[in-house]
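Student: Structure incoming, see below.
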Amino acid sequence: MSADQTPAPAAPSRRTLGVMLLLTVLSAVLVLTAAGRTWAEGRAGTLDVSVTGGAISELPGGLALVGLAAAVAVFAVRGVGRLAVGALTLLAGIGAAAASVSGAGDTAALDTEAARKLALSGSAATEVSHTAWPWVALVGGVLLALAGLLTLRYGRRWPAMGSRYEAPTRKAPATTDTPGDLWKALDRGEDPTAV
């Protein structure tokens with residue numbers, strides 16, 4: 001092959017689809033795992049109090065589930081529908097990341113837990129500390145946003161479900177002149193008596 005005949009770069013298709021699916025699953029695992037872990041700890045009088053990411057904000061976990069659903073929907077839609085799924089995934093990732101950053105320093109849920117444990121309204125937690133789990137959820141949100149960007153950029157080239165998964169269309173009944181034609185129509189799944 002001469003220098004003038006360089007091969008064209010291969011079109012990304014199944015590989016980028018696999019990367020998108022991997023990013024989506026990994027992001028959902030990170031966000032959902034982080035949301036179930038302790039994000040803030042403190043003390044309420046002599047009692048220890050702590051809250052999980054889900055208690056601080058349910059948004060990151062919910063948006064991670066939206067991202068998982070969108071990854072499945074990619075196979076069911078084509079064209080503009082696939083672009084819409086990509087945009088939804090991108091927005092879900094950005095939302096999960098933003099909610100994680102917002103919850104990283106939040107103490108309202110911890111104060112509420114302190115008031116509940118002490119049975120005194122207006123109680124606030126003291127000696128408050130935050131864990132690294134919100135930042136893990138942030139990474140998951142960023143990965144989900146990347147999956148959305150991949151879908152927007154390469155989604156039109158990805159394979160979709162075949163026509164066998166689409167709703168069947170009604171065919172006009174075949175003319176049935178003989179009893180043999182009636183049996184053939186029944187074998188094809190048609191109703192030869194339909195008018």
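Within each chain, counting starts at residue 1; across the structure tokens, chains are named A, B, ... in the order shown, with ligands numbered 1 upward in that order.
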Would you pick out the contacts of Leu65 of chain A at 10 Å or less, using only C-alpha atoms, so that residues sharing its chain but fewer than 3 positions from it are not included, and give the list as a ChimeraX atom specification?

Tutor: /A:24-25,27-29,31-32,59-62,68-71,92

Student: Write the selection just made, keeping C-alpha atoms, as an mmCIF file, in the first residue's frame?

Tutor:
```
data_model
loop_
_atom_site.group_PDB
_atom_site.id
_atom_site.type_symbol
_atom_site.label_atom_id
_atom_site.label_comp_id
_atom_site.auth_asym_id
_atom_site.auth_seq_id
_atom_site.Cartn_x
_atom_site.Cartn_y
_atom_site.Cartn_z
ATOM 1 C CA THR A 24 -23.564 3.973 32.309
ATOM 2 C CA VAL A 25 -23.402 0.841 34.446
ATOM 3 C CA SER A 27 -21.752 5.425 36.929
ATOM 4 C CA ALA A 28 -24.954 3.904 38.290
ATOM 5 C CA VAL A 29 -22.992 1.561 40.572
ATOM 6 C CA VAL A 31 -23.790 6.807 42.465
ATOM 7 C CA LEU A 32 -26.137 4.225 43.980
ATOM 8 C CA LEU A 59 -31.664 13.174 43.416
ATOM 9 C CA PRO A 60 -28.309 11.486 42.605
ATOM 10 C CA GLY A 61 -29.728 7.974 43.050
ATOM 11 C CA GLY A 62 -32.879 8.772 41.095
ATOM 12 C CA LEU A 68 -29.778 3.090 33.437
ATOM 13 C CA ALA A 69 -33.234 3.262 31.862
ATOM 14 C CA ALA A 70 -31.878 5.482 29.106
ATOM 15 C CA ALA A 71 -29.136 2.954 28.353
ATOM 16 C CA ALA A 92 -29.124 13.125 34.324
#
```

Student: Measuring between only C-alpha atoms, which one of A:Ala125, A:Leu17, A:Val66, A:Leu152 shows the shortest distance to Leu110 of chain A?

Tutor: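 Using only C-alpha atoms, Leu110 of chain A sits closest to A:Ala125.
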
Student: DSSP on the backbone, then: every residue of segment 17-176 of chain A marked helix (DSSP H, G or I), written as a ChimeraX atom specification.

Tutor: /A:17-35,53-56,59-73,80-104,108-118,133-157,163-165

Student: Which polymer residues have any atom within 10 Å of an atom of segment 40-57 of chain A, counting only C-alpha atoms, with same-chain residues fewer than 5 positions away left out, as a ChimeraX atom specification?

Tutor: /A:31-35,62,96,99-100,102-118,123-134,137

Student: Which neighbours of Ala147 of chain A fall inside 12 Å, counting only C-alpha atoms, when residues of the same chain fewer than 2 positions from it are skipped, and could you give them as a PyMOL selection string?

Tutor: chain A and resi 16-28+64+67-68+70-71+74+85-94+140-145+149-155

Student: Would you export the selected residues with N, CA and C atoms as a CSV table (one decimal), in the first residue's frame, please?

Tutor:
```
chain,number,residue,atom,x,y,z
A,16,THR,N,-18.0,2.1,20.6
A,16,THR,CA,-18.5,3.2,21.4
A,16,THR,C,-19.8,2.8,22.1
A,17,LEU,N,-20.6,2.0,21.5
A,17,LEU,CA,-21.8,1.5,22.2
A,17,LEU,C,-21.4,0.8,23.5
A,18,GLY,N,-20.4,-0.1,23.4
A,18,GLY,CA,-19.9,-0.8,24.5
A,18,GLY,C,-19.3,0.1,25.6
A,19,VAL,N,-18.6,1.1,25.2
A,19,VAL,CA,-18.1,2.1,26.1
A,19,VAL,C,-19.2,2.8,26.8
A,20,MET,N,-20.2,3.2,26.0
A,20,MET,CA,-21.3,3.9,26.6
A,20,MET,C,-22.0,3.1,27.7
A,21,LEU,N,-22.3,1.8,27.4
A,21,LEU,CA,-22.9,0.9,28.3
A,21,LEU,C,-22.1,0.7,29.5
A,22,LEU,N,-20.8,0.5,29.4
A,22,LEU,CA,-19.9,0.4,30.5
A,22,LEU,C,-19.9,1.6,31.4
A,23,LEU,N,-19.8,2.8,30.8
A,23,LEU,CA,-19.8,4.0,31.6
A,23,LEU,C,-21.2,4.2,32.3
A,24,THR,N,-22.3,3.8,31.7
A,24,THR,CA,-23.6,4.0,32.3
A,24,THR,C,-23.7,3.0,33.5
A,25,VAL,N,-23.3,1.8,33.3
A,25,VAL,CA,-23.4,0.8,34.4
A,25,VAL,C,-22.4,1.2,35.6
A,26,LEU,N,-21.2,1.6,35.2
A,26,LEU,CA,-20.2,2.0,36.2
A,26,LEU,C,-20.7,3.2,37.0
A,27,SER,N,-21.3,4.2,36.3
A,27,SER,CA,-21.8,5.4,36.9
A,27,SER,C,-22.9,5.1,37.9
A,28,ALA,N,-23.8,4.3,37.4
A,28,ALA,CA,-25.0,3.9,38.3
A,28,ALA,C,-24.5,3.2,39.6
A,64,ALA,N,-29.4,8.4,38.6
A,64,ALA,CA,-28.6,7.3,38.1
A,64,ALA,C,-29.5,6.2,37.6
A,67,GLY,N,-30.5,7.2,34.2
A,67,GLY,CA,-29.4,6.9,33.2
A,67,GLY,C,-29.4,5.4,32.8
A,68,LEU,N,-29.7,4.5,33.8
A,68,LEU,CA,-29.8,3.1,33.4
A,68,LEU,C,-30.9,2.8,32.5
A,70,ALA,N,-32.2,4.9,30.4
A,70,ALA,CA,-31.9,5.5,29.1
A,70,ALA,C,-30.9,4.6,28.3
A,71,ALA,N,-30.0,3.9,29.0
A,71,ALA,CA,-29.1,3.0,28.4
A,71,ALA,C,-29.9,1.8,27.7
A,74,VAL,N,-31.8,3.1,24.5
A,74,VAL,CA,-31.0,3.4,23.3
A,74,VAL,C,-31.2,2.3,22.3
A,85,VAL,N,-32.6,10.5,23.9
A,85,VAL,CA,-32.1,9.6,25.0
A,85,VAL,C,-30.7,10.1,25.4
A,86,GLY,N,-29.8,10.4,24.5
A,86,GLY,CA,-28.5,10.9,24.8
A,86,GLY,C,-28.5,12.2,25.6
A,87,ALA,N,-29.4,13.1,25.2
A,87,ALA,CA,-29.6,14.4,25.9
A,87,ALA,C,-30.1,14.1,27.3
A,88,LEU,N,-31.0,13.2,27.5
A,88,LEU,CA,-31.6,12.9,28.8
A,88,LEU,C,-30.5,12.3,29.7
A,89,THR,N,-29.7,11.4,29.1
A,89,THR,CA,-28.6,10.8,29.9
A,89,THR,C,-27.5,11.9,30.3
A,90,LEU,N,-27.2,12.8,29.4
A,90,LEU,CA,-26.3,13.9,29.7
A,90,LEU,C,-26.8,14.8,30.8
A,91,LEU,N,-28.1,15.1,30.7
A,91,LEU,CA,-28.7,16.0,31.8
A,91,LEU,C,-28.8,15.2,33.1
A,92,ALA,N,-29.1,13.9,33.1
A,92,ALA,CA,-29.1,13.1,34.3
A,92,ALA,C,-27.7,13.1,35.0
A,93,GLY,N,-26.7,12.9,34.2
A,93,GLY,CA,-25.3,12.9,34.7
A,93,GLY,C,-25.0,14.3,35.3
A,94,ILE,N,-25.3,15.4,34.6
A,94,ILE,CA,-25.0,16.7,35.2
A,94,ILE,C,-25.8,16.9,36.5
A,140,GLY,N,-19.4,9.4,39.6
A,140,GLY,CA,-20.4,8.7,38.9
A,140,GLY,C,-21.3,9.6,38.0
A,141,GLY,N,-21.6,10.7,38.5
A,141,GLY,CA,-22.4,11.7,37.7
A,141,GLY,C,-21.6,12.1,36.4
A,142,VAL,N,-20.4,12.4,36.6
A,142,VAL,CA,-19.5,12.8,35.4
A,142,VAL,C,-19.5,11.7,34.4
A,143,LEU,N,-19.3,10.4,34.9
A,143,LEU,CA,-19.3,9.3,33.9
A,143,LEU,C,-20.6,9.1,33.2
A,144,LEU,N,-21.7,9.4,33.9
A,144,LEU,CA,-23.0,9.3,33.3
A,144,LEU,C,-23.2,10.4,32.2
A,145,ALA,N,-22.7,11.6,32.5
A,145,ALA,CA,-22.7,12.7,31.5
A,145,ALA,C,-21.9,12.3,30.3
A,149,LEU,N,-22.9,12.1,26.3
A,149,LEU,CA,-22.2,12.7,25.2
A,149,LEU,C,-21.8,11.7,24.1
A,150,LEU,N,-21.4,10.5,24.5
A,150,LEU,CA,-21.1,9.5,23.6
A,150,LEU,C,-22.4,9.1,22.8
A,151,THR,N,-23.5,9.0,23.4
A,151,THR,CA,-24.8,8.7,22.7
A,151,THR,C,-25.1,9.8,21.8
A,152,LEU,N,-24.9,11.1,22.2
A,152,LEU,CA,-25.2,12.2,21.2
A,152,LEU,C,-24.3,12.2,20.0
A,153,ARG,N,-23.0,11.9,20.3
A,153,ARG,CA,-22.0,11.9,19.2
A,153,ARG,C,-22.1,10.7,18.2
A,154,TYR,N,-22.2,9.5,18.8
A,154,TYR,CA,-22.1,8.3,18.0
A,154,TYR,C,-23.4,7.5,17.9
A,155,GLY,N,-24.4,7.9,18.6
A,155,GLY,CA,-25.6,7.1,18.7
A,155,GLY,C,-26.3,6.7,17.4
```

Student: What is the distance between atom CA of Thr38 of chain A and atom CA of Ala98 of chain A, in Å to one decimal?

Tutor: 18.1 Å

Student: How would you write, as a list in words, the set of residues in segment 44-82 of chain A that DSSP gives as strand (DSSP E)?

Tutor: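 Those in segment 44-82 of chain A that DSSP calls strand (DSSP E) are Ala44, Leu47, Asp48, Val49, Ser50, Val51 and Thr52 of chain A.
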
Student: Using N, CA and C atoms, can you write the selected residues to a file as a PDB file, in the first residue's frame?

Tutor:
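Just written: again13.pdb:
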```pdb
ATOM      1  N   ALA A  44     -24.985  14.740  68.580  1.00  0.00           N
ATOM      2  CA  ALA A  44     -26.155  15.421  69.124  1.00  0.00           C
ATOM      3  C   ALA A  44     -26.115  15.181  70.616  1.00  0.00           C
ATOM      4  N   LEU A  47     -24.894  11.727  71.802  1.00  0.00           N
ATOM      5  CA  LEU A  47     -25.211  10.705  70.800  1.00  0.00           C
ATOM      6  C   LEU A  47     -24.501  10.991  69.473  1.00  0.00           C
ATOM      7  N   ASP A  48     -24.064   9.920  68.826  1.00  0.00           N
ATOM      8  CA  ASP A  48     -23.515  10.044  67.479  1.00  0.00           C
ATOM      9  C   ASP A  48     -24.659  10.055  66.484  1.00  0.00           C
ATOM     10  N   VAL A  49     -24.575  10.928  65.483  1.00  0.00           N
ATOM     11  CA  VAL A  49     -25.571  10.973  64.416  1.00  0.00           C
ATOM     12  C   VAL A  49     -24.856  10.937  63.075  1.00  0.00           C
ATOM     13  N   SER A  50     -25.513  10.328  62.113  1.00  0.00           N
ATOM     14  CA  SER A  50     -24.968  10.280  60.760  1.00  0.00           C
ATOM     15  C   SER A  50     -26.126  10.208  59.766  1.00  0.00           C
ATOM     16  N   VAL A  51     -25.866  10.652  58.556  1.00  0.00           N
ATOM     17  CA  VAL A  51     -26.873  10.577  57.492  1.00  0.00           C
ATOM     18  C   VAL A  51     -26.213  10.067  56.215  1.00  0.00           C
ATOM     19  N   THR A  52     -27.007   9.326  55.460  1.00  0.00           N
ATOM     20  CA  THR A  52     -26.530   8.798  54.171  1.00  0.00           C
ATOM     21  C   THR A  52     -26.777   9.832  53.075  1.00  0.00           C
TER      22      THR A  52
END
```
